[in-house]
$ cat query_2.json   # JSON, C-alpha atoms
[["chain", "number", "residue", "atom", "x", "y", "z"],
["A", 19, "MET", "CA", 65.43, 137.36, 123.99],
["A", 20, "THR", "CA", 68.65, 137.20, 125.91],
["A", 21, "ALA", "CA", 70.00, 140.19, 127.82],
["A", 22, "THR", "CA", 73.23, 141.80, 126.72],
["A", 23, "ASN", "CA", 76.25, 142.24, 128.96],
["A", 24, "GLU", "CA", 75.49, 145.94, 129.40],
["A", 25, "GLU", "CA", 71.94, 145.19, 130.56],
["A", 26, "LEU", "CA", 73.18, 142.59, 133.03],
["A", 27, "GLN", "CA", 75.75, 144.99, 134.43],
["A", 28, "ALA", "CA", 73.09, 147.71, 134.82],
["A", 29, "ALA", "CA", 70.75, 145.31, 136.61],
["A", 30, "ILE", "CA", 73.50, 144.18, 138.97],
["A", 31, "LEU", "CA", 74.40, 147.81, 139.72],
["A", 32, "GLN", "CA", 70.80, 148.69, 140.56],
["A", 33, "LEU", "CA", 70.59, 145.68, 142.83],
["A", 34, "LEU", "CA", 73.75, 146.65, 144.67],
["A", 35, "GLN", "CA", 72.47, 150.19, 145.15],
["A", 36, "ARG", "CA", 69.26, 148.88, 146.66],
["A", 37, "LEU", "CA", 71.16, 146.58, 149.00],
["A", 38, "ALA", "CA", 73.48, 149.39, 150.12],
["A", 39, "VAL", "CA", 70.62, 151.22, 151.84],
["A", 40, "PRO", "CA", 67.84, 149.32, 153.60],
["A", 41, "GLN", "CA", 64.46, 150.16, 152.15],
["A", 42, "ALA", "CA", 63.10, 151.93, 155.21],
["A", 43, "THR", "CA", 60.09, 154.16, 155.17],
["A", 44, "ASN", "CA", 61.18, 156.01, 158.32],
["A", 45, "PRO", "CA", 63.61, 158.85, 157.43],
["A", 46, "GLU", "CA", 65.39, 158.46, 160.77],
["A", 47, "GLN", "CA", 66.17, 154.84, 159.97],
["A", 48, "VAL", "CA", 67.61, 155.87, 156.60],
["A", 49, "LEU", "CA", 69.63, 158.59, 158.32],
["A", 50, "GLU", "CA", 71.01, 156.16, 160.89],
["A", 51, "SER", "CA", 71.92, 153.64, 158.19],
["A", 52, "LEU", "CA", 73.76, 156.21, 156.12],
["A", 53, "SER", "CA", 75.55, 157.63, 159.16],
["A", 54, "THR", "CA", 77.38, 154.33, 159.73],
["A", 55, "ASN", "CA", 78.97, 154.62, 156.27],
["A", 56, "ILE", "CA", 80.39, 158.11, 156.85],
["A", 57, "SER", "CA", 83.59, 158.67, 158.82],
["A", 58, "GLU", "CA", 83.92, 161.57, 161.27],
["A", 59, "PHE", "CA", 85.38, 164.82, 159.97],
["A", 60, "CYS", "CA", 88.31, 166.28, 161.91],
["A", 61, "PHE", "CA", 89.88, 169.45, 160.52],
["A", 62, "ASP", "CA", 93.64, 168.97, 160.02],
["A", 63, "PRO", "CA", 94.96, 171.40, 157.36],
["A", 64, "GLU", "CA", 98.60, 170.55, 158.08],
["A", 65, "ASN", "CA", 98.01, 167.03, 156.83],
["A", 66, "GLY", "CA", 95.67, 168.08, 154.02],
["A", 67, "THR", "CA", 92.41, 167.11, 155.73],
["A", 68, "THR", "CA", 89.96, 169.82, 154.71],
["A", 69, "PHE", "CA", 86.19, 169.72, 154.50],
["A", 70, "GLU", "CA", 86.25, 169.94, 150.70],
["A", 71, "LYS", "CA", 88.35, 166.78, 150.40],
["A", 72, "TRP", "CA", 86.36, 164.97, 153.07],
["A", 73, "PHE", "CA", 82.98, 165.83, 151.54],
["A", 74, "ALA", "CA", 84.15, 164.77, 148.08],
["A", 75, "ARG", "CA", 84.25, 161.17, 149.34],
["A", 76, "TYR", "CA", 80.54, 161.25, 150.30],
["A", 77, "SER", "CA", 78.99, 163.66, 147.79],
["A", 78, "ASP", "CA", 77.48, 160.75, 145.81],
["A", 79, "LEU", "CA", 76.01, 159.33, 149.01],
["A", 80, "PHE", "CA", 74.18, 162.56, 149.76],
["A", 81, "GLU", "CA", 73.01, 162.95, 146.15],
["A", 82, "SER", "CA", 71.89, 159.35, 145.54],
["A", 83, "ASP", "CA", 71.53, 157.30, 148.70],
["A", 84, "ALA", "CA", 70.11, 160.19, 150.73],
["A", 85, "ARG", "CA", 67.72, 161.41, 148.03],
["A", 86, "SER", "CA", 64.74, 160.21, 150.07],
["A", 87, "LEU", "CA", 65.69, 162.56, 152.92],
["A", 88, "ASP", "CA", 64.49, 166.12, 153.03],
["A", 89, "ASP", "CA", 66.86, 169.08, 153.23],
["A", 90, "ALA", "CA", 66.72, 169.34, 157.03],
["A", 91, "ALA", "CA", 67.54, 165.64, 157.47],
["A", 92, "LYS", "CA", 70.57, 165.97, 155.18],
["A", 93, "VAL", "CA", 71.81, 168.88, 157.27],
["A", 94, "ARG", "CA", 71.44, 166.82, 160.46],
["A", 95, "LEU", "CA", 73.29, 163.92, 158.87],
["A", 96, "LEU", "CA", 76.12, 166.15, 157.72],
["A", 97, "LEU", "CA", 76.55, 167.98, 161.03],
["A", 98, "ARG", "CA", 76.39, 164.72, 162.97],
["A", 99, "LYS", "CA", 79.64, 163.63, 161.33],
["A", 100, "LEU", "CA", 81.58, 166.74, 162.47],
["A", 101, "ASP", "CA", 83.83, 166.29, 165.48],
["A", 102, "THR", "CA", 83.05, 168.33, 168.60],
["A", 103, "SER", "CA", 85.43, 171.24, 167.97],
["A", 104, "SER", "CA", 84.39, 171.58, 164.31],
["A", 105, "HIS", "CA", 80.70, 171.50, 165.21],
["A", 106, "ILE", "CA", 81.11, 174.23, 167.86],
["A", 107, "ARG", "CA", 83.09, 176.37, 165.46],
["A", 108, "TYR", "CA", 80.41, 176.09, 162.78],
["A", 109, "VAL", "CA", 77.53, 176.86, 165.16],
["A", 110, "ASN", "CA", 79.31, 179.96, 166.46],
["A", 111, "PHE", "CA", 80.07, 181.10, 162.92],
["A", 112, "ILE", "CA", 76.46, 181.11, 161.70],
["A", 113, "LEU", "CA", 75.02, 182.86, 164.78],
["A", 114, "PRO", "CA", 72.37, 184.21, 165.26],
["A", 115, "LYS", "CA", 71.04, 181.57, 162.86],
["A", 116, "LEU", "CA", 70.55, 177.98, 163.96],
["A", 117, "PRO", "CA", 71.80, 174.98, 161.94],
["A", 118, "LYS", "CA", 68.22, 174.08, 161.05],
["A", 119, "ASP", "CA", 67.74, 177.53, 159.49],
["A", 120, "VAL", "CA", 70.48, 176.95, 156.89],
["A", 121, "THR", "CA", 69.89, 174.91, 153.74],
["A", 122, "PHE", "CA", 71.99, 171.90, 152.92],
["A", 123, "VAL", "CA", 73.71, 173.65, 149.99],
["A", 124, "ASP", "CA", 74.57, 176.70, 152.11],
["A", 125, "THR", "CA", 75.76, 174.47, 154.93],
["A", 126, "VAL", "CA", 78.22, 172.77, 152.59],
["A", 127, "LYS", "CA", 79.44, 176.14, 151.29],
["A", 128, "THR", "CA", 79.93, 177.52, 154.80],
["A", 129, "LEU", "CA", 81.77, 174.43, 156.03],
["A", 130, "THR", "CA", 84.01, 174.55, 152.95],
["A", 131, "LYS", "CA", 84.82, 178.19, 153.74],
["A", 132, "ILE", "CA", 85.53, 177.62, 157.44],
["A", 133, "PHE", "CA", 87.47, 174.36, 157.14],
["A", 134, "GLY", "CA", 89.37, 175.00, 153.94],
["A", 135, "ARG", "CA", 93.04, 175.72, 153.37],
["A", 136, "GLN", "CA", 93.49, 179.45, 153.88],
["A", 137, "THR", "CA", 95.84, 180.29, 151.01],
["A", 138, "SER", "CA", 95.60, 182.92, 148.33],
["A", 139, "VAL", "CA", 94.97, 182.12, 144.67],
["A", 140, "PHE", "CA", 98.42, 183.46, 143.83],
["A", 141, "HIS", "CA", 100.00, 181.06, 146.33],
["A", 142, "LYS", "CA", 98.17, 178.09, 144.84],
["A", 143, "ARG", "CA", 99.11, 179.00, 141.29],
["A", 144, "TYR", "CA", 102.71, 179.69, 142.24],
["A", 145, "GLN", "CA", 102.98, 176.27, 143.89],
["A", 146, "CYS", "CA", 101.47, 174.74, 140.78],
["A", 147, "MET", "CA", 104.14, 176.30, 138.56],
["A", 148, "GLN", "CA", 106.87, 175.09, 140.95],
["A", 149, "LEU", "CA", 105.66, 171.50, 140.78],
["A", 150, "LEU", "CA", 108.42, 169.10, 139.73],
["A", 151, "LYS", "CA", 108.48, 165.36, 139.18],
["A", 152, "SER", "CA", 110.71, 163.54, 141.62],
["A", 153, "GLU", "CA", 112.63, 160.43, 140.67],
["A", 154, "ALA", "CA", 110.51, 158.36, 143.07],
["A", 155, "ASP", "CA", 107.22, 159.29, 141.35],
["A", 156, "ASP", "CA", 105.92, 157.28, 138.45],
["A", 157, "ILE", "CA", 103.92, 158.95, 135.70],
["A", 158, "ILE", "CA", 100.57, 158.10, 137.31],
["A", 159, "THR", "CA", 101.55, 159.58, 140.68],
["A", 160, "TYR", "CA", 102.94, 162.69, 139.03],
["A", 161, "GLY", "CA", 99.81, 163.07, 136.90],
["A", 162, "GLY", "CA", 97.67, 162.97, 140.04],
["A", 163, "LYS", "CA", 99.74, 165.75, 141.60],
["A", 164, "VAL", "CA", 99.37, 167.89, 138.50],
["A", 165, "ASN", "CA", 95.61, 167.38, 138.42],
["A", 166, "ARG", "CA", 95.29, 168.30, 142.08],
["A", 167, "HIS", "CA", 97.34, 171.49, 141.70],
["A", 168, "HIS", "CA", 95.43, 172.46, 138.55],
["A", 169, "ALA", "CA", 92.11, 172.36, 140.37],
["A", 170, "THR", "CA", 92.21, 176.16, 140.64],
["A", 171, "ARG", "CA", 92.40, 176.57, 136.86],
["A", 172, "THR", "CA", 88.71, 176.80, 136.06],
["A", 173, "ALA", "CA", 86.87, 178.37, 133.15],
["A", 174, "ASP", "CA", 85.77, 181.24, 135.41],
["A", 175, "ALA", "CA", 89.31, 182.01, 136.56],
["A", 176, "PRO", "CA", 91.82, 181.02, 133.87],
["A", 177, "VAL", "CA", 95.51, 181.29, 134.72],
["A", 178, "THR", "CA", 97.21, 184.01, 132.69],
["A", 179, "ILE", "CA", 100.26, 186.18, 133.18],
["A", 180, "GLN", "CA", 97.98, 189.15, 133.85],
["A", 181, "THR", "CA", 96.06, 187.37, 136.61],
["A", 182, "LEU", "CA", 99.32, 186.43, 138.30],
["A", 183, "ILE", "CA", 100.59, 190.01, 138.04],
["A", 184, "ASP", "CA", 97.35, 191.40, 139.46],
["A", 185, "GLU", "CA", 97.42, 188.97, 142.36],
["A", 186, "PHE", "CA", 101.08, 189.72, 143.05],
["A", 187, "GLN", "CA", 100.45, 193.48, 142.99],
["A", 188, "ARG", "CA", 97.53, 193.07, 145.39],
["A", 189, "LEU", "CA", 99.75, 191.24, 147.88],
["A", 190, "VAL", "CA", 102.47, 193.89, 147.54],
["A", 191, "ASN", "CA", 99.93, 196.64, 148.26],
["A", 192, "ILE", "CA", 98.69, 194.81, 151.34],
["A", 193, "LYS", "CA", 102.25, 194.42, 152.61],
["A", 194, "SER", "CA", 102.99, 198.10, 151.97],
["A", 195, "ASP", "CA", 99.85, 199.24, 153.81],
["A", 196, "THR", "CA", 100.66, 196.97, 156.75],
["A", 197, "THR", "CA", 104.21, 198.34, 156.99],
["A", 198, "MET", "CA", 102.92, 201.92, 156.89],
["A", 199, "ILE", "CA", 100.56, 201.26, 159.79],
["A", 200, "GLU", "CA", 103.13, 199.37, 161.88],
["A", 201, "HIS", "CA", 105.99, 201.82, 161.23],
["A", 202, "PRO", "CA", 104.74, 205.39, 160.66],
["A", 203, "SER", "CA", 107.18, 207.81, 159.03],
["A", 204, "SER", "CA", 109.54, 209.83, 161.22],
["A", 205, "SER", "CA", 108.08, 213.09, 159.93],
["A", 206, "LYS", "CA", 104.66, 212.17, 161.19],
["A", 207, "ASN", "CA", 106.16, 211.18, 164.51],
["A", 208, "SER", "CA", 107.82, 214.57, 164.75],
["A", 209, "VAL", "CA", 104.59, 216.42, 164.05],
["A", 210, "HIS", "CA", 102.76, 214.21, 166.52],
["A", 211, "SER", "CA", 105.34, 214.79, 169.24],
["A", 212, "ILE", "CA", 105.14, 218.58, 168.78],
["A", 213, "SER", "CA", 101.35, 218.56, 168.96],
["A", 214, "GLU", "CA", 101.41, 216.65, 172.25],
["A", 215, "LYS", "CA", 102.39, 219.43, 174.65],
["A", 216, "LYS", "CA", 102.80, 218.77, 178.34],
["A", 217, "PRO", "CA", 101.06, 220.93, 180.99],
["A", 218, "GLY", "CA", 102.94, 224.20, 181.35],
["A", 219, "ASP", "CA", 104.61, 224.03, 177.96],
["A", 220, "GLN", "CA", 102.53, 226.95, 176.73],
["A", 221, "HIS", "CA", 104.40, 229.23, 179.17],
["A", 222, "ARG", "CA", 107.81, 227.85, 178.28],
["A", 223, "PRO", "CA", 109.77, 229.94, 175.72],
["A", 224, "LEU", "CA", 110.59, 228.22, 172.50],
["A", 225, "LYS", "CA", 114.19, 227.43, 171.80],
["A", 226, "THR", "CA", 115.60, 229.33, 168.87],
["A", 227, "GLU", "CA", 118.65, 228.59, 166.86],
["A", 228, "SER", "CA", 121.74, 230.73, 167.42],
["A", 229, "LYS", "CA", 122.11, 233.63, 165.02],
["A", 230, "SER", "CA", 124.88, 233.59, 162.46],
["A", 231, "THR", "CA", 126.00, 237.12, 163.49],
["A", 232, "PRO", "CA", 126.89, 237.96, 167.14],
["A", 233, "ARG", "CA", 125.76, 241.10, 168.95],
["A", 234, "THR", "CA", 129.31, 242.36, 169.48],
["A", 235, "PRO", "CA", 132.45, 242.25, 167.30],
["A", 236, "CYS", "CA", 135.11, 239.58, 167.76],
["A", 237, "TRP", "CA", 137.70, 240.80, 170.32],
["A", 238, "GLN", "CA", 140.49, 239.00, 168.41],
["A", 239, "CYS", "CA", 140.10, 240.94, 165.15],
["A", 240, "GLY", "CA", 137.11, 243.32, 165.43],
["A", 241, "GLN", "CA", 135.03, 241.62, 162.73],
["A", 242, "MET", "CA", 131.37, 240.60, 163.17],
["A", 243, "HIS", "CA", 131.73, 236.88, 163.84],
["A", 244, "TYR", "CA", 132.10, 234.58, 166.82],
["A", 245, "VAL", "CA", 135.51, 234.07, 168.39],
["A", 246, "ARG", "CA", 135.37, 230.36, 167.55],
["A", 247, "ASP", "CA", 135.21, 231.30, 163.84],
["A", 248, "CYS", "CA", 137.98, 233.91, 163.93],
["A", 249, "PRO", "CA", 140.68, 233.40, 161.25],
["A", 250, "PHE", "CA", 143.27, 235.05, 163.56],
["A", 251, "SER", "CA", 143.10, 232.38, 166.29],
["A", 252, "ASP", "CA", 146.48, 231.00, 165.11],
["A", 253, "HIS", "CA", 147.90, 234.34, 163.92],
["A", 254, "LEU", "CA", 151.20, 235.60, 165.40],
["A", 255, "CYS", "CA", 150.89, 239.26, 166.34],
["A", 256, "LYS", "CA", 153.95, 241.25, 165.16],
["A", 257, "VAL", "CA", 153.36, 243.87, 167.85],
["A", 258, "CYS", "CA", 153.34, 241.80, 171.05],
["A", 259, "ASN", "CA", 154.75, 238.58, 169.61],
["A", 260, "ARG", "CA", 151.73, 236.62, 170.92],
["A", 261, "ILE", "CA", 149.47, 234.17, 169.04],
["A", 262, "GLY", "CA", 145.67, 234.46, 168.86],
["A", 263, "HIS", "CA", 144.78, 237.98, 167.67],
["A", 264, "LYS", "CA", 145.24, 240.54, 164.99],
["A", 265, "GLU", "CA", 147.71, 243.43, 165.30],
["A", 266, "GLY", "CA", 146.15, 246.23, 167.32],
["A", 267, "TYR", "CA", 144.03, 243.96, 169.59],
["A", 268, "CYS", "CA", 146.74, 243.13, 172.11],
["A", 269, "SER", "CA", 144.85, 244.86, 174.95],
["A", 270, "CYS", "CA", 141.77, 242.73, 174.28],
["A", 271, "ILE", "CA", 143.84, 239.59, 174.73],
["A", 272, "LYS", "CA", 145.04, 240.77, 178.13],
["A", 273, "LYS", "CA", 141.44, 241.37, 179.26],
["A", 274, "SER", "CA", 140.37, 237.90, 178.09],
["A", 275, "SER", "CA", 143.38, 235.99, 179.40],
["A", 276, "SER", "CA", 141.02, 233.70, 181.34],
["A", 277, "ASP", "CA", 139.88, 232.10, 178.09],
["A", 278, "SER", "CA", 141.87, 228.87, 177.75],
["A", 279, "THR", "CA", 141.36, 228.73, 174.01],
["A", 280, "THR", "CA", 143.35, 231.92, 173.46],
["A", 281, "GLN", "CA", 146.27, 231.38, 175.85],
["A", 282, "PRO", "CA", 149.31, 233.23, 174.44],
["A", 283, "ARG", "CA", 152.12, 231.17, 173.09],
["A", 284, "LYS", "CA", 155.74, 232.37, 172.94],
["A", 285, "LYS", "CA", 157.33, 232.75, 169.58],
["A", 286, "LYS", "CA", 159.85, 230.07, 168.83],
["A", 287, "GLN", "CA", 163.41, 231.32, 168.68],
["A", 288, "PHE", "CA", 165.18, 230.31, 165.57],
["A", 289, "GLN", "CA", 168.91, 230.10, 165.38]]
$ encode --input "query_2.json" --output "structure tokens"
Amino acid sequence: MTATNEELQAAILQLLQRLAVPQATNPEQVLESLSTNISEFCFDPENGTTFEKWFARYSDLFESDARSLDDAAKVRLLLRKLDTSSHIRYVNFILPKLPKDVTFVDTVKTLTKIFGRQTSVFHKRYQCMQLLKSEADDIITYGGKVNRHHATRTADAPVTIQTLIDEFQRLVNIKSDTTMIEHPSSSKNSVHSISEKKPGDQHRPLKTESKSTPRTPCWQCGQMHYVRDCPFSDHLCKVCNRIGHKEGYCSCIKKSSSDSTTQPRKKKQFQ
């Protein structure tokens, strides 16, 4: 009985998988062999190098080729491929735990959280809606961009108008709260400044606003208002022919002649 093409292809695939990893009984030898096939991770979000994208290249290796390793060995293999700064950052983040105290699944989740692109869901979805096809992109390139930007549209978080509105409102509230904290209202500042009294202020008399009615009558007309508000300041007295008082208050003008605002003015002579 001859083998079909599918059976031959499956046999060749199994053979290639066996040759990819030396059949070593020592887990450390398997770990060392796999380590040579994994590039070092260096976090560079500006150029799109995040842990999620980096790990996606080797997820099959950890699931298939490293299946003979226990959980602790997979963690050691994964952390070995972090550059120095990324490794230090991860170790400090999980304190007081040690790397060996964290499972492989949790290690991947934590690294994805630390070394991921820190953007909101609203930002990602907004950028997705703004995606346009340039003249230089062919249909395959453009399709890849669309697929990448639609990665956030999952069954657990479908994109709807309501979700976009809720996310937008949340960002607006955060901005409003931040502005309130950075720039308190002037009324609160006024209350705060009054409450902060300096030593000796309790013995200092409070300033009061001037009363609308003076204690003595106006010496230009005899009414109860201040001289600055007198309607007879420009009045020509028919008795003494002087400007600045009402008839009958000529003697008061003579007593207050030192006031420059009420200096008498001579009546113009008309031909």
$ closest_residue --input "query_2.json" --among "A:Thr102, A:Thr159, A:Ser269, A:Ser77" --to "Val126 of chain A" --atoms "all atoms listed in the file"
A:Ser77
$ atom_distance --input "query_2.json" --atom1 "atom CA of Phe59 of chain A" --atom2 "atom CA of Pro45 of chain A"
22.7 Å
$ atom_distance --input "query_2.json" --atom1 "atom CA of Glu153 of chain A" --atom2 "atom CA of Lys71 of chain A"
26.9 Å
$ atom_distance --input "query_2.json" --atom1 "atom CA of Ile56 of chain A" --atom2 "atom CA of Leu116 of chain A"
23.3 Å
$ closest_residue --input "query_2.json" --among "A:Cys258, A:Leu113, A:Met242, A:Leu49" --to "Lys99 of chain A" --atoms "all atoms listed in the file"
A:Leu49
$ residues_around --input "query_2.json" --residues "Leu95 of chain A" --least-positions-apart "4" --cutoff "12 Å" --atoms "all atoms listed in the file" --output "PyMOL selection string"
chain A and resi 45-58+76+79-80+84+87-91+99-100+117-118+122+125-126
$ closest_residue --input "query_2.json" --among "A:Asp184, A:Arg94, A:Thr68, A:Gly162" --to "Leu129 of chain A" --atoms "only C-alpha atoms"
A:Thr68
$ residues_around --input "query_2.json" --residues "Lys264 of chain A" --least-positions-apart "5" --cutoff "8 Å" --atoms "only C-alpha atoms" --output "list of chain:residue names"
A:Gln238, A:Cys239, A:Phe250, A:His253, A:Leu254, A:Cys255
$ closest_residue --input "query_2.json" --among "A:Lys115, A:Glu70, A:Thr121, A:Lys193" --to "Val93 of chain A" --atoms "only C-alpha atoms"
A:Thr121
$ closest_residue --input "query_2.json" --among "A:Asn259, A:Ser251, A:Asn44, A:Ser103" --to "Cys236 of chain A" --atoms "all atoms listed in the file"
A:Ser251
